[in-house]
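Below: upload.txt (compact mmCIF, C-alpha atoms)
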```txt
# COMPACT_ATOMS: atom_id res chain seq x y z
CA MET A 1 6.76 -46.95 44.75
CA ASN A 2 9.01 -49.12 42.56
CA GLU A 3 11.53 -47.74 40.10
CA ARG A 4 9.36 -48.39 37.04
CA SER A 5 6.40 -46.50 38.54
CA LEU A 6 8.64 -43.60 39.48
CA ILE A 7 9.94 -43.34 35.91
CA LYS A 8 6.39 -43.33 34.54
CA LEU A 9 5.34 -40.61 37.00
CA THR A 10 8.34 -38.46 36.05
CA MET A 11 7.62 -38.84 32.33
CA LYS A 12 3.97 -37.85 32.93
CA GLU A 13 4.99 -34.75 34.89
CA ASN A 14 7.46 -33.70 32.18
CA PHE A 15 4.79 -34.09 29.51
CA LEU A 16 2.25 -32.03 31.48
CA ASN A 17 4.82 -29.31 32.12
CA ARG A 18 5.55 -29.03 28.41
CA LEU A 19 1.92 -29.24 27.30
CA PRO A 20 1.17 -25.47 27.33
CA ALA A 21 4.17 -24.75 25.09
CA PHE A 22 3.18 -27.63 22.82
CA LEU A 23 -0.38 -26.34 22.54
CA PHE A 24 0.92 -22.83 21.83
CA LEU A 25 3.10 -24.19 19.04
CA LEU A 26 0.14 -26.02 17.52
CA LEU A 27 -1.96 -22.85 17.72
CA PHE A 28 0.82 -20.80 16.10
CA LEU A 29 1.29 -23.27 13.26
CA SER A 30 -2.46 -23.46 12.70
CA SER A 31 -2.72 -19.66 12.60
CA ALA A 32 0.16 -19.42 10.12
CA GLN A 33 -1.47 -22.04 7.92
CA VAL A 34 -4.78 -20.14 7.92
CA THR A 35 -2.99 -16.90 7.00
CA ALA A 36 -1.19 -18.63 4.13
CA GLN A 37 -4.45 -20.14 2.91
CA THR A 38 -6.14 -16.73 2.78
CA CYS A 39 -3.59 -15.51 0.23
CA PRO A 40 -2.50 -18.20 -2.22
CA ALA A 41 0.43 -17.53 -4.52
CA ASP A 42 -1.91 -17.18 -7.51
CA ALA A 43 -4.18 -14.63 -5.83
CA PRO A 44 -5.26 -11.83 -8.21
CA ALA A 45 -3.60 -9.19 -6.02
CA LEU A 46 -0.23 -10.87 -6.62
CA THR A 47 -0.57 -11.64 -10.33
CA PRO A 48 0.59 -8.80 -12.64
CA ALA A 49 -2.22 -7.81 -15.00
CA THR A 50 -3.61 -4.91 -17.01
CA LEU A 51 -6.82 -3.25 -15.85
CA GLN A 52 -9.65 -4.91 -17.73
CA GLU A 53 -12.73 -3.10 -16.42
CA GLU A 54 -14.94 -2.05 -19.33
CA TRP A 55 -14.91 1.61 -18.30
CA ALA A 56 -11.08 1.70 -18.29
CA VAL A 57 -10.16 -0.23 -21.43
CA GLU A 58 -10.23 2.76 -23.79
CA TRP A 59 -7.84 4.95 -21.79
CA TRP A 60 -5.76 2.70 -19.50
CA MET A 61 -3.26 1.34 -22.03
CA PRO A 62 -2.93 4.66 -23.92
CA ARG A 63 -2.14 6.33 -20.58
CA HIS A 64 0.50 3.71 -19.87
CA GLU A 65 2.09 4.22 -23.29
CA ALA A 66 1.97 8.01 -22.91
CA LYS A 67 3.65 7.81 -19.52
CA LEU A 68 6.56 5.93 -21.07
CA GLU A 69 7.16 8.93 -23.35
CA GLU A 70 6.25 11.75 -20.96
CA GLU A 71 8.57 14.72 -21.26
CA GLY A 72 10.79 15.26 -18.24
CA ARG A 73 10.22 11.85 -16.66
CA GLU A 74 13.94 11.04 -16.73
CA ASP A 75 14.75 14.10 -14.60
CA ALA A 76 11.90 13.83 -12.10
CA LYS A 77 12.96 14.03 -8.47
CA LEU A 78 9.62 12.78 -7.10
CA LEU A 79 7.72 9.73 -8.34
CA PHE A 80 4.04 9.30 -7.38
CA ILE A 81 2.61 5.78 -7.63
CA GLY A 82 -0.99 4.77 -7.04
CA ASN A 83 -4.57 4.62 -8.20
CA SER A 84 -7.24 7.26 -8.93
CA ILE A 85 -6.42 9.16 -5.73
CA THR A 86 -2.89 9.70 -7.03
CA HIS A 87 -4.14 10.10 -10.62
CA GLY A 88 -6.25 12.97 -9.28
CA TRP A 89 -3.18 15.18 -8.84
CA GLU A 90 -3.71 15.83 -12.56
CA ASP A 91 -7.32 16.91 -12.04
CA SER A 92 -8.76 18.08 -8.71
CA GLY A 93 -5.29 18.41 -7.23
CA LYS A 94 -3.65 20.12 -10.20
CA GLU A 95 -3.26 23.56 -8.64
CA VAL A 96 -1.83 22.06 -5.47
CA TRP A 97 0.53 19.89 -7.55
CA ASN A 98 1.80 22.94 -9.42
CA GLU A 99 2.55 24.65 -6.12
CA TYR A 100 4.17 21.73 -4.27
CA TYR A 101 5.54 19.21 -6.76
CA ALA A 102 6.04 20.80 -10.16
CA PRO A 103 9.23 22.47 -8.86
CA TYR A 104 10.66 18.98 -8.27
CA GLY A 105 9.66 17.80 -11.73
CA GLY A 106 7.21 15.33 -10.21
CA TYR A 107 6.31 12.27 -12.30
CA ASN A 108 2.82 10.90 -11.63
CA ILE A 109 2.01 7.28 -12.50
CA GLY A 110 -1.27 7.05 -10.64
CA PHE A 111 -3.95 5.20 -12.66
CA GLY A 112 -7.64 5.29 -11.82
CA GLY A 113 -9.00 1.89 -10.83
CA ASP A 114 -5.63 0.27 -10.27
CA ARG A 115 -5.08 -2.47 -7.76
CA THR A 116 -1.78 -3.97 -6.66
CA GLU A 117 -1.58 -6.34 -9.63
CA ASN A 118 -1.96 -3.47 -12.11
CA VAL A 119 0.91 -1.52 -10.56
CA LEU A 120 3.06 -4.66 -10.73
CA TRP A 121 2.26 -5.04 -14.43
CA ARG A 122 3.12 -1.43 -15.16
CA PHE A 123 6.43 -1.73 -13.34
CA GLN A 124 7.28 -4.82 -15.36
CA ASN A 125 6.37 -3.06 -18.59
CA GLY A 126 8.56 0.00 -18.59
CA GLU A 127 7.18 2.65 -16.26
CA LEU A 128 10.27 2.55 -14.04
CA ASP A 129 12.76 2.30 -16.88
CA GLU A 130 15.25 5.11 -17.48
CA ILE A 131 14.20 7.14 -14.44
CA ASP A 132 16.10 7.80 -11.22
CA PRO A 133 13.94 9.76 -8.75
CA GLU A 134 15.21 10.57 -5.28
CA LEU A 135 11.89 9.69 -3.65
CA ALA A 136 8.91 7.53 -4.63
CA ILE A 137 5.58 8.18 -2.91
CA LEU A 138 3.38 5.09 -2.91
CA MET A 139 -0.25 4.61 -1.96
CA ILE A 140 -2.20 1.65 -3.32
CA GLY A 141 -4.76 -0.87 -2.09
CA THR A 142 -8.14 0.79 -1.64
CA ASN A 143 -9.38 -0.72 -4.93
CA ASN A 144 -8.34 -4.18 -3.76
CA THR A 145 -10.65 -3.43 -0.85
CA GLY A 146 -13.50 -1.79 -2.73
CA HIS A 147 -13.64 -3.86 -5.92
CA ARG A 148 -13.10 -7.37 -4.59
CA GLN A 149 -12.75 -7.01 -0.84
CA ASP A 150 -9.47 -8.91 -1.01
CA PRO A 151 -8.25 -10.30 2.31
CA PRO A 152 -5.97 -7.70 3.92
CA GLU A 153 -3.16 -10.26 3.89
CA CYS A 154 -3.33 -10.43 0.09
CA THR A 155 -3.39 -6.68 -0.44
CA ALA A 156 -0.50 -6.25 1.98
CA ARG A 157 1.47 -8.97 0.21
CA GLY A 158 0.80 -7.25 -3.13
CA ILE A 159 2.16 -4.00 -1.69
CA GLU A 160 5.20 -5.85 -0.41
CA MET A 161 5.81 -7.16 -3.93
CA ILE A 162 5.57 -3.58 -5.24
CA LEU A 163 8.23 -2.56 -2.72
CA ASP A 164 10.40 -5.46 -3.90
CA GLU A 165 10.05 -4.31 -7.51
CA LEU A 166 11.01 -0.77 -6.53
CA LYS A 167 14.07 -2.04 -4.69
CA GLN A 168 15.13 -4.09 -7.70
CA ARG A 169 14.45 -1.47 -10.37
CA LEU A 170 15.20 1.75 -8.46
CA PRO A 171 17.75 0.71 -5.84
CA ASP A 172 18.84 4.28 -5.06
CA THR A 173 15.32 5.65 -4.62
CA GLU A 174 13.85 6.06 -1.15
CA VAL A 175 10.19 5.15 -0.73
CA LEU A 176 7.56 6.98 1.28
CA MET A 177 4.72 4.49 1.69
CA LEU A 178 1.46 6.14 2.72
CA ALA A 179 -1.25 4.47 4.74
CA ILE A 180 -4.28 3.88 2.53
CA PHE A 181 -6.60 6.84 2.99
CA PRO A 182 -9.86 6.45 4.91
CA ARG A 183 -13.05 5.84 2.98
CA GLU A 184 -16.72 5.79 4.01
CA SER A 185 -18.06 8.30 6.50
CA SER A 186 -18.04 6.16 9.62
CA PRO A 187 -14.94 4.69 11.25
CA ASP A 188 -16.96 1.48 11.60
CA GLY A 189 -17.52 1.14 7.84
CA GLU A 190 -16.57 -2.27 6.47
CA LEU A 191 -14.27 -0.93 3.77
CA ARG A 192 -12.68 1.58 6.15
CA GLN A 193 -11.92 -1.29 8.52
CA LEU A 194 -10.39 -3.39 5.74
CA ASN A 195 -8.08 -0.52 4.80
CA SER A 196 -7.10 -0.12 8.45
CA GLN A 197 -6.18 -3.80 8.64
CA ILE A 198 -4.00 -3.43 5.54
CA ASN A 199 -2.31 -0.37 7.04
CA GLU A 200 -1.45 -2.29 10.20
CA ARG A 201 0.34 -4.88 8.08
CA ILE A 202 2.19 -2.62 5.65
CA ALA A 203 3.52 -0.40 8.43
CA GLN A 204 5.79 -3.33 9.27
CA PHE A 205 7.46 -3.13 5.84
CA ALA A 206 9.16 0.17 6.68
CA ASP A 207 12.81 -0.09 7.69
CA GLY A 208 13.37 3.59 8.48
CA GLU A 209 16.29 3.70 6.06
CA ARG A 210 15.05 3.15 2.54
CA VAL A 211 11.34 2.52 3.09
CA HIS A 212 9.39 4.93 5.29
CA PHE A 213 5.76 4.69 6.43
CA LEU A 214 3.51 7.71 6.95
CA ASN A 215 -0.07 7.71 8.15
CA ILE A 216 -1.74 11.10 7.68
CA ASN A 217 -5.30 9.77 7.81
CA ASP A 218 -6.27 11.84 10.85
CA THR A 219 -5.76 14.91 8.65
CA PHE A 220 -8.99 14.06 6.83
CA LEU A 221 -11.10 13.07 9.85
CA ASP A 222 -12.88 14.91 12.62
CA ASP A 223 -12.39 14.12 16.32
CA ASN A 224 -14.86 11.23 16.04
CA GLY A 225 -13.11 9.66 13.05
CA VAL A 226 -15.81 10.79 10.61
CA LEU A 227 -14.79 11.54 7.03
CA SER A 228 -16.47 14.66 5.63
CA GLU A 229 -17.83 15.16 2.14
CA GLU A 230 -16.27 18.63 2.32
CA ILE A 231 -12.89 16.89 1.93
CA MET A 232 -13.82 13.80 -0.10
CA PRO A 233 -17.21 14.42 -1.77
CA ASP A 234 -17.71 10.74 -2.63
CA LEU A 235 -16.05 9.64 0.65
CA LEU A 236 -13.13 8.23 -1.34
CA HIS A 237 -11.49 10.84 -3.61
CA PRO A 238 -10.17 14.17 -2.29
CA ASN A 239 -11.33 17.45 -3.77
CA GLU A 240 -8.92 20.38 -4.13
CA TYR A 241 -9.16 21.11 -0.41
CA GLY A 242 -8.39 17.46 0.31
CA TYR A 243 -5.30 17.59 -1.89
CA GLN A 244 -4.20 20.75 -0.09
CA LEU A 245 -4.51 18.97 3.26
CA TRP A 246 -2.58 16.01 1.86
CA ALA A 247 0.27 18.16 0.55
CA GLU A 248 0.57 20.17 3.76
CA ALA A 249 0.65 17.03 5.92
CA MET A 250 3.21 15.28 3.73
CA GLN A 251 5.60 18.14 2.99
CA PRO A 252 7.63 18.03 6.23
CA ILE A 253 8.72 14.43 5.69
CA ILE A 254 9.42 15.08 1.99
CA ASP A 255 11.69 17.94 3.01
CA GLU A 256 13.41 15.71 5.55
CA LEU A 257 13.93 12.79 3.18
CA LEU A 258 15.21 14.92 0.32
CA LYS A 259 17.83 16.42 2.65
CA ASN A 260 19.43 13.00 3.18
```
Translate this file's structure into structure tokens.
Amino acid sequence: MNERSLIKLTMKENFLNRLPAFLFLLLFLSSAQVTAQTCPADAPALTPATLQEEWAVEWWMPRHEAKLEEEGREDAKLLFIGNSITHGWEDSGKEVWNEYYAPYGGYNIGFGGDRTENVLWRFQNGELDEIDPELAILMIGTNNTGHRQDPPECTARGIEMILDELKQRLPDTEVLMLAIFPRESSPDGELRQLNSQINERIAQFADGERVHFLNINDTFLDDNGVLSEEIMPDLLHPNEYGYQLWAEAMQPIIDELLKN
């Protein structure tokens, strides 16, 4: 074999040896591009907006304005952020709230129907102004799933933006980010699965120092992963018993975080 042939053979062997890594890189870049394409920068979940559903128009903005003036908000130690499930602490969960959170001066800015973009709008329009809670408890995203079936990447990115806003506006407040609660009876339900995919992503946002992640979803499920109407009658919103289970499951970590 002459020198030129030997050089060609060596170059071919080097290329073949590097081919698996090259193919892996192409696959990785392709996967990243697909992920980016599923959640464009102008996705609704990432674009701050008021809630415009017809059933919410009459009360949503008045609730926002009332929350800006709510007595005791400046002294609240606990801040609750979310959608109708959090809003429900003022209704089905009221007795449990009075037992567990009223002593802290809890401030509840849960709004029925809200998705990630609505929370972002409220943050940017005064709801975090002039308050300094020790701990914020955040759960949001099931309406991104149920209303539009947003890609889990978009809902997770919207939640990440909410965390960024909290860091900017309440830098001394720790955040307890809850996994989105289960919905639908069966663990195989499409919307339940979407929420699970979001939870897998947002768990990675916790740093164990300022942002903490807690998944108490098993509290509401039987051994087969079935959600009972005895806890969430519409298989989405807790009743008083559901709120009791929620409070009991969450209290140990609240106690721990408020000690720090």
Could I get the residues of region 212-243 of chain A with an atom no further than 10 Å from an atom of region 179-193 of chain A, each paired with its nearest atom pair and that distance in Å to one decimal, using all atoms listed in the file, sorted by chain and residue number, as JSON lines?
```
{"residue": "A:Phe213", "atom": "CA", "partner": "A:Ala179", "partner_atom": "CA", "distance": 7.2}
{"residue": "A:Leu214", "atom": "CA", "partner": "A:Ala179", "partner_atom": "CA", "distance": 6.2}
{"residue": "A:Asn215", "atom": "CA", "partner": "A:Ala179", "partner_atom": "CA", "distance": 4.8}
{"residue": "A:Ile216", "atom": "CA", "partner": "A:Ala179", "partner_atom": "CA", "distance": 7.3}
{"residue": "A:Asn217", "atom": "CA", "partner": "A:Phe181", "partner_atom": "CA", "distance": 5.8}
{"residue": "A:Asp218", "atom": "CA", "partner": "A:Pro182", "partner_atom": "CA", "distance": 8.8}
{"residue": "A:Thr219", "atom": "CA", "partner": "A:Phe181", "partner_atom": "CA", "distance": 9.9}
{"residue": "A:Phe220", "atom": "CA", "partner": "A:Pro182", "partner_atom": "CA", "distance": 7.9}
{"residue": "A:Leu221", "atom": "CA", "partner": "A:Pro182", "partner_atom": "CA", "distance": 8.4}
{"residue": "A:Asn224", "atom": "CA", "partner": "A:Pro187", "partner_atom": "CA", "distance": 8.1}
{"residue": "A:Gly225", "atom": "CA", "partner": "A:Pro187", "partner_atom": "CA", "distance": 5.6}
{"residue": "A:Val226", "atom": "CA", "partner": "A:Ser186", "partner_atom": "CA", "distance": 5.2}
{"residue": "A:Leu227", "atom": "CA", "partner": "A:Ser185", "partner_atom": "CA", "distance": 4.6}
{"residue": "A:Ser228", "atom": "CA", "partner": "A:Ser185", "partner_atom": "CA", "distance": 6.6}
{"residue": "A:Glu229", "atom": "CA", "partner": "A:Ser185", "partner_atom": "CA", "distance": 8.1}
{"residue": "A:Met232", "atom": "CA", "partner": "A:Arg183", "partner_atom": "CA", "distance": 8.6}
{"residue": "A:Asp234", "atom": "CA", "partner": "A:Glu184", "partner_atom": "CA", "distance": 8.3}
{"residue": "A:Leu235", "atom": "CA", "partner": "A:Glu184", "partner_atom": "CA", "distance": 5.2}
{"residue": "A:Leu236", "atom": "CA", "partner": "A:Arg183", "partner_atom": "CA", "distance": 4.9}
{"residue": "A:His237", "atom": "CA", "partner": "A:Arg183", "partner_atom": "CA", "distance": 8.4}
{"residue": "A:Pro238", "atom": "CA", "partner": "A:Phe181", "partner_atom": "CA", "distance": 9.7}
```
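Here CA of Thr47 (chain A) and CA of Leu176 (chain A) stand 23.4 Å from one another.
In terms of minimum interatomic distance to Lys67 (chain A), A:Arg122 ranks closest within A:Glu174, A:Arg122, A:Arg115, A:Pro44, counting only C-alpha atoms.
Comparing the minimum interatomic distances between Leu245 (chain A) and each of A:Gly141, A:Ala76, A:Leu128, A:Glu230, counting all atoms listed in the file, we find that A:Glu230 sits nearest.
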Smallest atom-to-atom distance to Thr142 (chain A): which of A:Val96, A:Asp164, A:Glu256, A:Ser196, using all atoms listed in the file?
A:Ser196
Could you tell me, as a PyMOL selection string, which residues have any atom at most 12 Å from (13.9, 3.6, -2.7), counting all atoms listed in the file?
chain A and resi 77-79+128+132-138+162-177+206-212+257-258
Output C-alpha atoms for every residue in that selection, as an mmCIF file, keeping the file's coordinate frame.
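File selection-v9.cif, as written:
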```
data_model
loop_
_atom_site.group_PDB
_atom_site.id
_atom_site.type_symbol
_atom_site.label_atom_id
_atom_site.label_comp_id
_atom_site.auth_asym_id
_atom_site.auth_seq_id
_atom_site.Cartn_x
_atom_site.Cartn_y
_atom_site.Cartn_z
ATOM 1 C CA LYS A 77 12.960 14.030 -8.470
ATOM 2 C CA LEU A 78 9.620 12.780 -7.100
ATOM 3 C CA LEU A 79 7.720 9.730 -8.340
ATOM 4 C CA LEU A 128 10.270 2.550 -14.040
ATOM 5 C CA ASP A 132 16.100 7.800 -11.220
ATOM 6 C CA PRO A 133 13.940 9.760 -8.750
ATOM 7 C CA GLU A 134 15.210 10.570 -5.280
ATOM 8 C CA LEU A 135 11.890 9.690 -3.650
ATOM 9 C CA ALA A 136 8.910 7.530 -4.630
ATOM 10 C CA ILE A 137 5.580 8.180 -2.910
ATOM 11 C CA LEU A 138 3.380 5.090 -2.910
ATOM 12 C CA ILE A 162 5.570 -3.580 -5.240
ATOM 13 C CA LEU A 163 8.230 -2.560 -2.720
ATOM 14 C CA ASP A 164 10.400 -5.460 -3.900
ATOM 15 C CA GLU A 165 10.050 -4.310 -7.510
ATOM 16 C CA LEU A 166 11.010 -0.770 -6.530
ATOM 17 C CA LYS A 167 14.070 -2.040 -4.690
ATOM 18 C CA GLN A 168 15.130 -4.090 -7.700
ATOM 19 C CA ARG A 169 14.450 -1.470 -10.370
ATOM 20 C CA LEU A 170 15.200 1.750 -8.460
ATOM 21 C CA PRO A 171 17.750 0.710 -5.840
ATOM 22 C CA ASP A 172 18.840 4.280 -5.060
ATOM 23 C CA THR A 173 15.320 5.650 -4.620
ATOM 24 C CA GLU A 174 13.850 6.060 -1.150
ATOM 25 C CA VAL A 175 10.190 5.150 -0.730
ATOM 26 C CA LEU A 176 7.560 6.980 1.280
ATOM 27 C CA MET A 177 4.720 4.490 1.690
ATOM 28 C CA ALA A 206 9.160 0.170 6.680
ATOM 29 C CA ASP A 207 12.810 -0.090 7.690
ATOM 30 C CA GLY A 208 13.370 3.590 8.480
ATOM 31 C CA GLU A 209 16.290 3.700 6.060
ATOM 32 C CA ARG A 210 15.050 3.150 2.540
ATOM 33 C CA VAL A 211 11.340 2.520 3.090
ATOM 34 C CA HIS A 212 9.390 4.930 5.290
ATOM 35 C CA LEU A 257 13.930 12.790 3.180
ATOM 36 C CA LEU A 258 15.210 14.920 0.320
#
```
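Across the model, the gap from CA of Pro48 (chain A) to CA of Asn118 (chain A) is 5.9 Å.
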Taking all atoms listed in the file into account, which of A:Ile231, A:Ile140, A:Ala247, A:Ala56 comes nearest Gly158 (chain A)?
A:Ile140
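Straight-line separation from CA of Glu69 (chain A) to CA of Glu127 (chain A): 9.5 Å.
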Give as a ChimeraX atom specification every residue, naming chains and numbers as the document does, that has an atom within 7 Å of (-7.3, -1.4, 0.6), counting all atoms listed in the file.
/A:141-145,155,180,194-195,198
Can I get the selection written as a tab-separated table (two decimals), keeping the file's coordinate frame, with C-alpha atoms?
```tsv
chain	number	residue	atom	x	y	z
A	141	GLY	CA	-4.76	-0.87	-2.09
A	142	THR	CA	-8.14	0.79	-1.64
A	143	ASN	CA	-9.38	-0.72	-4.93
A	144	ASN	CA	-8.34	-4.18	-3.76
A	145	THR	CA	-10.65	-3.43	-0.85
A	155	THR	CA	-3.39	-6.68	-0.44
A	180	ILE	CA	-4.28	3.88	2.53
A	194	LEU	CA	-10.39	-3.39	5.74
A	195	ASN	CA	-8.08	-0.52	4.80
A	198	ILE	CA	-4.00	-3.43	5.54
```
